[in-house]
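With mmCIF, C-alpha atoms inside, this is query_34.cif:
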data_structure
#
loop_
_atom_site.label_atom_id
_atom_site.label_comp_id
_atom_site.auth_asym_id
_atom_site.auth_seq_id
_atom_site.Cartn_x
_atom_site.Cartn_y
_atom_site.Cartn_z
CA MET A 1 0.00 0.00 0.00
CA SER A 2 1.37 3.47 -0.89
CA THR A 3 2.34 6.05 1.72
CA ALA A 4 -0.43 8.43 0.57
CA THR A 5 -3.08 5.71 0.74
CA THR A 6 -1.92 4.69 4.21
CA ALA A 7 -2.03 8.29 5.41
CA LEU A 8 -5.56 8.81 4.15
CA MET A 9 -6.82 5.54 5.57
CA GLN A 10 -5.43 6.43 8.99
CA ILE A 11 -7.98 9.21 9.59
CA PRO A 12 -11.27 7.25 9.91
CA GLN A 13 -12.13 9.22 13.05
CA LEU A 14 -12.73 12.28 10.87
CA PRO A 15 -16.26 12.66 9.48
CA ARG A 16 -16.51 12.12 5.75
CA LEU A 17 -17.19 15.84 5.45
CA GLN A 18 -13.65 16.64 6.52
CA ARG A 19 -11.63 14.53 4.11
CA ILE A 20 -10.13 16.53 1.25
CA LEU A 21 -7.80 15.33 -1.50
CA VAL A 22 -5.58 17.77 -3.40
CA ILE A 23 -4.03 16.70 -6.72
CA GLN A 24 -1.15 18.99 -7.60
CA ASN A 25 2.62 19.19 -7.85
CA ASP A 26 3.08 22.88 -7.01
CA ARG A 27 5.35 22.61 -3.99
CA ALA A 28 5.17 26.34 -3.30
CA THR A 29 1.49 26.12 -2.30
CA GLN A 30 1.41 22.69 -0.66
CA ALA A 31 2.58 23.75 2.80
CA PRO A 32 0.21 26.78 3.01
CA LEU A 33 -2.71 24.58 1.92
CA GLN A 34 -1.84 21.94 4.51
CA GLN A 35 -1.64 24.54 7.26
CA LEU A 36 -4.85 26.31 6.19
CA PHE A 37 -7.08 23.23 6.10
CA GLU A 38 -5.61 21.36 9.04
CA SER A 39 -6.00 24.48 11.21
CA GLU A 40 -9.74 24.28 10.42
CA GLY A 41 -10.00 20.60 11.37
CA TYR A 42 -9.93 19.07 7.89
CA GLY A 43 -7.99 15.95 6.98
CA LEU A 44 -5.95 16.89 3.91
CA GLU A 45 -3.89 14.69 1.58
CA ILE A 46 -1.81 16.17 -1.26
CA VAL A 47 -0.65 13.88 -4.07
CA ASN A 48 0.78 14.20 -7.56
CA PRO A 49 -1.38 13.23 -10.55
CA GLY A 50 -1.11 9.66 -11.72
CA THR A 51 -1.70 6.13 -10.49
CA GLU A 52 -1.54 7.03 -6.80
CA SER A 53 -4.17 9.77 -7.04
CA GLU A 54 -6.43 7.50 -9.11
CA LYS A 55 -6.18 4.77 -6.46
CA LEU A 56 -7.16 7.21 -3.72
CA LEU A 57 -10.16 8.45 -5.71
CA ARG A 58 -11.32 4.88 -6.30
CA ASP A 59 -10.52 3.15 -3.02
CA ALA A 60 -10.69 5.94 -0.43
CA PRO A 61 -12.86 8.62 -2.03
CA PRO A 62 -12.66 12.00 -0.29
CA SER A 63 -15.53 14.36 0.44
CA LEU A 64 -14.06 16.90 -1.96
CA LEU A 65 -11.25 17.10 -4.51
CA ILE A 66 -9.13 20.16 -5.25
CA LEU A 67 -7.60 19.72 -8.70
CA ASP A 68 -4.71 21.94 -9.79
CA LEU A 69 -4.64 22.13 -13.59
CA GLN A 70 -1.14 23.65 -13.72
CA MET A 71 0.52 20.26 -14.01
CA GLY A 72 2.80 19.11 -16.83
CA ASP A 73 1.74 19.12 -20.46
CA THR A 74 -1.67 17.49 -20.06
CA PRO A 75 -4.42 19.75 -21.47
CA PRO A 76 -6.77 20.95 -18.67
CA ARG A 77 -9.84 19.35 -20.22
CA ARG A 78 -8.17 15.96 -20.58
CA LEU A 79 -6.84 16.04 -17.03
CA PHE A 80 -10.26 16.92 -15.67
CA GLU A 81 -11.98 14.21 -17.69
CA GLN A 82 -9.47 11.62 -16.47
CA VAL A 83 -10.31 12.48 -12.86
CA ARG A 84 -14.05 12.47 -13.52
CA PHE A 85 -13.77 9.05 -15.18
CA VAL A 86 -12.14 7.57 -12.06
CA ASN A 87 -14.73 9.09 -9.69
CA PRO A 88 -17.82 10.72 -11.25
CA ASN A 89 -19.37 11.62 -7.88
CA VAL A 90 -16.76 13.59 -5.94
CA PRO A 91 -17.25 17.40 -5.85
CA ILE A 92 -14.34 19.14 -7.60
CA ILE A 93 -12.89 22.61 -7.17
CA VAL A 94 -10.50 23.45 -9.99
CA LEU A 95 -7.42 25.63 -9.50
CA GLY A 96 -6.27 27.19 -12.78
CA VAL A 97 -4.00 29.91 -14.06
CA SER A 98 -6.12 30.87 -17.05
CA SER A 99 -8.44 33.86 -16.76
CA SER A 100 -10.10 32.78 -20.00
CA VAL A 101 -13.88 32.72 -19.65
CA LYS A 102 -13.98 30.00 -22.32
CA GLU A 103 -11.86 27.61 -20.23
CA ARG A 104 -13.82 28.29 -17.03
CA VAL A 105 -17.14 27.77 -18.78
CA LEU A 106 -15.92 24.54 -20.40
CA LEU A 107 -14.79 23.01 -17.12
CA LEU A 108 -17.96 24.08 -15.29
CA GLU A 109 -20.03 22.56 -18.09
CA LEU A 110 -18.03 19.33 -17.79
CA GLY A 111 -18.98 19.09 -14.13
CA ALA A 112 -16.54 21.15 -12.05
CA ASP A 113 -18.23 22.59 -8.97
CA ASP A 114 -16.11 25.73 -8.89
CA TYR A 115 -13.12 27.32 -10.62
CA ILE A 116 -10.57 29.52 -8.84
CA VAL A 117 -7.81 31.41 -10.64
CA LYS A 118 -4.29 31.23 -9.17
CA PRO A 119 -2.91 32.96 -7.23
CA PHE A 120 -5.85 32.73 -4.82
CA ASN A 121 -6.70 33.86 -1.31
CA GLY A 122 -6.61 30.98 1.16
CA ARG A 123 -9.66 32.13 3.11
CA GLU A 124 -11.67 32.43 -0.10
CA LEU A 125 -10.68 28.90 -1.10
CA LEU A 126 -11.75 27.65 2.31
CA ALA A 127 -15.12 29.43 1.99
CA ARG A 128 -15.67 27.94 -1.45
CA VAL A 129 -14.84 24.47 -0.16
CA ARG A 130 -17.46 24.84 2.56
CA ALA A 131 -20.04 26.13 0.07
CA THR A 132 -19.36 23.26 -2.33
CA MET A 133 -19.73 20.72 0.47
CA ARG A 134 -23.05 22.26 1.51
CA ARG A 135 -24.33 21.97 -2.05
CA SER A 136 -23.11 18.37 -2.38
CA LEU A 137 -25.02 17.36 0.76
CA GLY A 138 -28.21 19.21 -0.12
CA TYR A 139 -30.53 16.21 -0.23
CA SER A 140 -32.06 13.91 2.39
CA GLY A 141 -31.74 10.49 0.78
CA ASP A 142 -30.05 8.54 -1.96
CA ILE A 143 -33.08 8.11 -4.22
CA PHE A 144 -35.73 10.53 -5.41
CA ALA A 145 -38.72 9.60 -7.54
CA PHE A 146 -41.36 11.64 -9.35
CA GLY A 147 -43.75 10.67 -12.12
CA ASP A 148 -42.10 7.90 -14.12
CA VAL A 149 -38.58 9.07 -13.15
CA GLN A 150 -36.24 7.65 -10.50
CA VAL A 151 -32.98 9.39 -9.56
CA ASP A 152 -30.17 7.61 -7.68
CA PHE A 153 -27.95 10.38 -6.28
CA ARG A 154 -25.24 8.04 -5.03
CA LYS A 155 -24.78 6.30 -8.37
CA MET A 156 -25.55 9.43 -10.41
CA GLU A 157 -28.14 7.48 -12.41
CA VAL A 158 -31.44 8.71 -13.81
CA ARG A 159 -34.06 6.23 -15.01
CA ARG A 160 -37.36 6.75 -16.78
CA HIS A 161 -39.80 3.86 -17.19
CA GLY A 162 -36.96 1.76 -15.76
CA GLY A 163 -34.57 2.63 -18.59
CA LEU A 164 -31.32 4.51 -18.03
CA VAL A 165 -31.32 8.12 -19.28
CA SER A 166 -28.05 9.64 -20.47
CA PHE A 167 -27.11 12.66 -18.33
CA THR A 168 -24.09 14.95 -18.25
CA ALA A 169 -22.58 15.78 -14.84
CA GLN A 170 -23.91 19.34 -15.05
CA GLU A 171 -27.43 18.24 -16.02
CA PHE A 172 -27.38 15.95 -13.00
CA LYS A 173 -26.38 18.85 -10.73
CA VAL A 174 -29.21 21.03 -12.05
CA LEU A 175 -31.69 18.19 -11.52
CA LYS A 176 -30.37 17.60 -8.01
CA PHE A 177 -30.72 21.26 -7.05
CA MET A 178 -34.24 21.43 -8.48
CA THR A 179 -35.42 18.34 -6.59
CA CYS A 180 -33.85 19.66 -3.37
CA ASN A 181 -35.83 22.89 -3.78
CA ALA A 182 -39.14 21.49 -4.97
CA GLU A 183 -42.14 23.83 -5.23
CA ARG A 184 -39.94 26.92 -4.84
CA ALA A 185 -39.47 29.54 -7.53
CA ILE A 186 -35.75 29.71 -8.34
CA SER A 187 -34.17 32.54 -10.30
CA ARG A 188 -31.66 31.91 -13.07
CA GLU A 189 -29.06 33.82 -11.06
CA GLU A 190 -29.56 31.56 -8.03
CA LEU A 191 -29.15 28.47 -10.18
CA LEU A 192 -25.92 29.84 -11.62
CA ASN A 193 -24.55 30.74 -8.19
CA GLU A 194 -25.59 27.56 -6.40
CA VAL A 195 -25.14 24.94 -9.12
CA TRP A 196 -22.25 26.34 -11.14
CA GLY A 197 -20.74 28.02 -8.09
CA TYR A 198 -19.47 30.93 -10.11
CA HIS A 199 -20.99 34.37 -9.58
CA ASN A 200 -19.80 36.00 -12.82
CA TYR A 201 -21.04 33.43 -15.29
CA PRO A 202 -21.35 35.09 -18.72
CA THR A 203 -25.02 34.37 -19.49
CA THR A 204 -28.19 33.02 -17.90
CA ARG A 205 -29.02 31.40 -21.25
CA THR A 206 -26.97 28.45 -20.00
CA VAL A 207 -29.66 27.80 -17.38
CA ASP A 208 -32.41 27.91 -20.01
CA ASN A 209 -30.57 25.36 -22.14
CA HIS A 210 -30.14 22.96 -19.22
CA ILE A 211 -33.81 23.21 -18.20
CA LEU A 212 -34.77 22.58 -21.83
CA ARG A 213 -32.67 19.41 -21.86
CA LEU A 214 -34.24 18.22 -18.58
CA ARG A 215 -37.67 18.67 -20.12
CA GLN A 216 -36.67 16.81 -23.27
CA LYS A 217 -35.29 13.89 -21.29
CA LEU A 218 -37.77 13.64 -18.38
CA GLU A 219 -41.09 15.20 -19.35
CA ARG A 220 -43.76 13.17 -21.14
CA HIS A 221 -44.58 16.24 -23.24
CA PRO A 222 -41.54 18.55 -23.26
CA SER A 223 -43.43 21.39 -24.94
CA ASN A 224 -46.08 21.24 -22.20
CA PRO A 225 -44.06 20.45 -19.04
CA VAL A 226 -45.69 19.55 -15.73
CA HIS A 227 -42.54 19.16 -13.59
CA PHE A 228 -39.99 21.75 -14.81
CA LEU A 229 -42.10 24.86 -14.93
CA THR A 230 -41.31 28.41 -16.03
CA VAL A 231 -42.07 31.10 -13.45
CA TYR A 232 -42.74 34.32 -15.34
CA ARG A 233 -40.12 37.03 -14.74
CA VAL A 234 -38.43 34.90 -12.08
CA GLY A 235 -36.96 31.65 -13.42
CA TYR A 236 -38.09 28.09 -12.87
CA LYS A 237 -39.83 25.79 -10.41
CA PHE A 238 -39.73 22.02 -9.98
CA ALA A 239 -43.12 20.46 -9.22
CA PRO A 240 -42.87 16.78 -8.25
CA HIS A 241 -46.60 16.57 -7.42
CA SER A 242 -47.85 14.13 -4.81
CA ASP A 243 -45.57 11.27 -5.85
CA GLY A 244 -42.29 13.10 -5.32
CA LYS A 245 -40.34 11.55 -2.44
CA TYR A 246 -36.89 10.65 -1.16
CA TRP A 247 -36.08 7.35 0.46
CA GLY A 248 -33.12 5.53 2.04
CA LYS A 249 -30.07 3.88 0.64
CA SER A 250 -29.73 2.44 -2.83
CA ARG A 251 -28.50 -1.08 -3.42
CA SER A 252 -25.11 -1.40 -5.08
#
Written as structure tokens, that's how I'd like the structure from this file.
Amino acid sequence: MSTATTALMQIPQLPRLQRILVIQNDRATQAPLQQLFESEGYGLEIVNPGTESEKLLRDAPPSLLILDLQMGDTPPRRLFEQVRFVNPNVPIIVLGVSSSVKERVLLLELGADDYIVKPFNGRELLARVRATMRRSLGYSGDIFAFGDVQVDFRKMEVRRHGGLVSFTAQEFKVLKFMTCNAERAISREELLNEVWGYHNYPTTRTVDNHILRLRQKLERHPSNPVHFLTVYRVGYKFAPHSDGKYWGKSRS
């Protein structure tokens, strides 16, 4: 067993909420990160990208991953997709050096929970970690059902009439936030802030496109939706009706 794996496995007394994995090889920021998070009671493990980090993500998944994209020659998108392939469920905060809106939007669309440009303020990073964890725990059970749809949050699976529906990571996050806030009118700005986790997103049209795709995939009549409703001059509302409910643990 590797040293990093042993170190992570030796902190079972910490709640799952407090286990954070950092994938990076920037030695200049490793010590400050360690000091920052450990002073707040978090268990933190910093590893280089590669086989060791993949093993940790698979065998000892953390509550949250901080992924530094300033590593070697691997394109940011490819590096992110490699991590997501190993563990599609873990919340991810990306650290990047690019101020390009295009790159930030791409990674958020691919399923990143937040994007922070380096150099960053440590207290801001800590606040964003806490906010991301709150969002990731914003439901009361593993499974939610409404109409002819069943959502397994732990497995990140959506089924309709028993058949598996193809979902992107970001579509799943929008669906999760909507079901967690059923029967409440939600503005486009709130969806951007809470789901994308980025307050200066370039356009609210992104929200409209995601709601449209949810309707196309989950509504019986997408042009006349009964679950994903438009609230005039506000945004959207999710209406599960009387059959919407959460329940316990899913079977692996």
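Using the PyMOL selection byres ((chain A and resi 212) around 12) on this structure selects Glu171, Val174, Leu175, Arg205, Thr206, Val207, Asp208, Asn209, His210, Ile211, Arg213, Leu214, Arg215, Gln216, Lys217, Leu218, Glu219, His221, Pro222, Ser223, Asn224, Pro225, His227, Phe228, Leu229, Thr230 and Tyr236 of chain A.
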Create the file for the chosen residues now, containing C-alpha atoms and written as a short mmCIF file (atom, residue, chain, number, x, y, z; two decimals), keeping the file's coordinate frame.
data_model
loop_
_atom_site.label_atom_id
_atom_site.label_comp_id
_atom_site.auth_asym_id
_atom_site.auth_seq_id
_atom_site.Cartn_x
_atom_site.Cartn_y
_atom_site.Cartn_z
CA GLU A 171 -27.43 18.24 -16.02
CA VAL A 174 -29.21 21.03 -12.05
CA LEU A 175 -31.69 18.19 -11.52
CA ARG A 205 -29.02 31.40 -21.25
CA THR A 206 -26.97 28.45 -20.00
CA VAL A 207 -29.66 27.80 -17.38
CA ASP A 208 -32.41 27.91 -20.01
CA ASN A 209 -30.57 25.36 -22.14
CA HIS A 210 -30.14 22.96 -19.22
CA ILE A 211 -33.81 23.21 -18.20
CA ARG A 213 -32.67 19.41 -21.86
CA LEU A 214 -34.24 18.22 -18.58
CA ARG A 215 -37.67 18.67 -20.12
CA GLN A 216 -36.67 16.81 -23.27
CA LYS A 217 -35.29 13.89 -21.29
CA LEU A 218 -37.77 13.64 -18.38
CA GLU A 219 -41.09 15.20 -19.35
CA HIS A 221 -44.58 16.24 -23.24
CA PRO A 222 -41.54 18.55 -23.26
CA SER A 223 -43.43 21.39 -24.94
CA ASN A 224 -46.08 21.24 -22.20
CA PRO A 225 -44.06 20.45 -19.04
CA HIS A 227 -42.54 19.16 -13.59
CA PHE A 228 -39.99 21.75 -14.81
CA LEU A 229 -42.10 24.86 -14.93
CA THR A 230 -41.31 28.41 -16.03
CA TYR A 236 -38.09 28.09 -12.87
#
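Rounded to one decimal, atom CA of Arg154 of chain A and atom CA of Asp114 of chain A lie 20.3 Å from each other.
Picture a line from atom CA of Arg77 of chain A to atom CA of Asp59 of chain A; it runs 23.6 Å.
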>> Starting from the PyMOL selection byres ((chain A and resi 127) around 12), expand the selection into actual residues of this file and give them as a VMD selection string.
In response: chain A and resid 36 to 37 40 93 114 116 120 to 126 128 to 134 197
> Skipping near chain neighbours, those fewer than 2 positions away, what residues fall within 12 Å of Arg58 of chain A using only C-alpha atoms, listed as a PyMOL selection string?
Replying inline: chain A and resi 5+51-56+60-62+83-90
Please dump the current selection as a PDB file, keeping the file's coordinate frame; keep C-alpha atoms.
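Everything below was put into part34.pdb:
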ATOM      1  CA  THR A   5      -3.080   5.710   0.740  1.00  0.00           C
ATOM      2  CA  THR A  51      -1.700   6.130 -10.490  1.00  0.00           C
ATOM      3  CA  GLU A  52      -1.540   7.030  -6.800  1.00  0.00           C
ATOM      4  CA  SER A  53      -4.170   9.770  -7.040  1.00  0.00           C
ATOM      5  CA  GLU A  54      -6.430   7.500  -9.110  1.00  0.00           C
ATOM      6  CA  LYS A  55      -6.180   4.770  -6.460  1.00  0.00           C
ATOM      7  CA  LEU A  56      -7.160   7.210  -3.720  1.00  0.00           C
ATOM      8  CA  ALA A  60     -10.690   5.940  -0.430  1.00  0.00           C
ATOM      9  CA  PRO A  61     -12.860   8.620  -2.030  1.00  0.00           C
ATOM     10  CA  PRO A  62     -12.660  12.000  -0.290  1.00  0.00           C
ATOM     11  CA  VAL A  83     -10.310  12.480 -12.860  1.00  0.00           C
ATOM     12  CA  ARG A  84     -14.050  12.470 -13.520  1.00  0.00           C
ATOM     13  CA  PHE A  85     -13.770   9.050 -15.180  1.00  0.00           C
ATOM     14  CA  VAL A  86     -12.140   7.570 -12.060  1.00  0.00           C
ATOM     15  CA  ASN A  87     -14.730   9.090  -9.690  1.00  0.00           C
ATOM     16  CA  PRO A  88     -17.820  10.720 -11.250  1.00  0.00           C
ATOM     17  CA  ASN A  89     -19.370  11.620  -7.880  1.00  0.00           C
ATOM     18  CA  VAL A  90     -16.760  13.590  -5.940  1.00  0.00           C
TER      19      VAL A  90
END
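Interatomic distance, atom CA of Pro91 of chain A against atom CA of Arg135 of chain A: 9.2 Å.
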Any idea what's packed within 7 Å of segment 46-49 of chain A, counting all atoms listed in the file, ignoring anything in its chain fewer than 5 positions away? Could you give it as a tab-separated table (two decimals) with C-alpha atoms, keeping the file's coordinate frame?
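So result_30.tsv came out as:
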chain	number	residue	atom	x	y	z
A	21	LEU	CA	-7.80	15.33	-1.50
A	22	VAL	CA	-5.58	17.77	-3.40
A	23	ILE	CA	-4.03	16.70	-6.72
A	24	GLN	CA	-1.15	18.99	-7.60
A	25	ASN	CA	2.62	19.19	-7.85
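For the set A:Glu194, A:Arg19, A:Leu164, A:Phe144, the residue with the smallest atom-to-atom gap to Leu64 of chain A is A:Arg19, counting all atoms listed in the file.
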When the PyMOL selection byres ((chain A and resi 96) around 6) is applied to the file above, which residues end up in the set, as a short mmCIF file (atom, residue, chain, number, x, y, z; two decimals) with C-alpha atoms, in the coordinates of the input?
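Below is the file out-v5.cif, written as the result:
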data_model
loop_
_atom_site.label_atom_id
_atom_site.label_comp_id
_atom_site.auth_asym_id
_atom_site.auth_seq_id
_atom_site.Cartn_x
_atom_site.Cartn_y
_atom_site.Cartn_z
CA LEU A 69 -4.64 22.13 -13.59
CA LEU A 95 -7.42 25.63 -9.50
CA VAL A 97 -4.00 29.91 -14.06
CA SER A 98 -6.12 30.87 -17.05
CA VAL A 117 -7.81 31.41 -10.64
CA LYS A 118 -4.29 31.23 -9.17
#
>> For Ala185 of chain A, find every residue with an atom within 10 Å (counting only C-alpha atoms), except residues of its own chain fewer than 2 positions away, and show them as an MDAnalysis selection string.
In response: chainID A and resid 178 181:183 187:188 229:232 234:239
Emit the selected residues as a compact mmCIF listing (two decimals), in the coordinates of the input, including C-alpha atoms.
# COMPACT_ATOMS: atom_id res chain seq x y z
CA MET A 178 -34.24 21.43 -8.48
CA ASN A 181 -35.83 22.89 -3.78
CA ALA A 182 -39.14 21.49 -4.97
CA GLU A 183 -42.14 23.83 -5.23
CA SER A 187 -34.17 32.54 -10.30
CA ARG A 188 -31.66 31.91 -13.07
CA LEU A 229 -42.10 24.86 -14.93
CA THR A 230 -41.31 28.41 -16.03
CA VAL A 231 -42.07 31.10 -13.45
CA TYR A 232 -42.74 34.32 -15.34
CA VAL A 234 -38.43 34.90 -12.08
CA GLY A 235 -36.96 31.65 -13.42
CA TYR A 236 -38.09 28.09 -12.87
CA LYS A 237 -39.83 25.79 -10.41
CA PHE A 238 -39.73 22.02 -9.98
CA ALA A 239 -43.12 20.46 -9.22
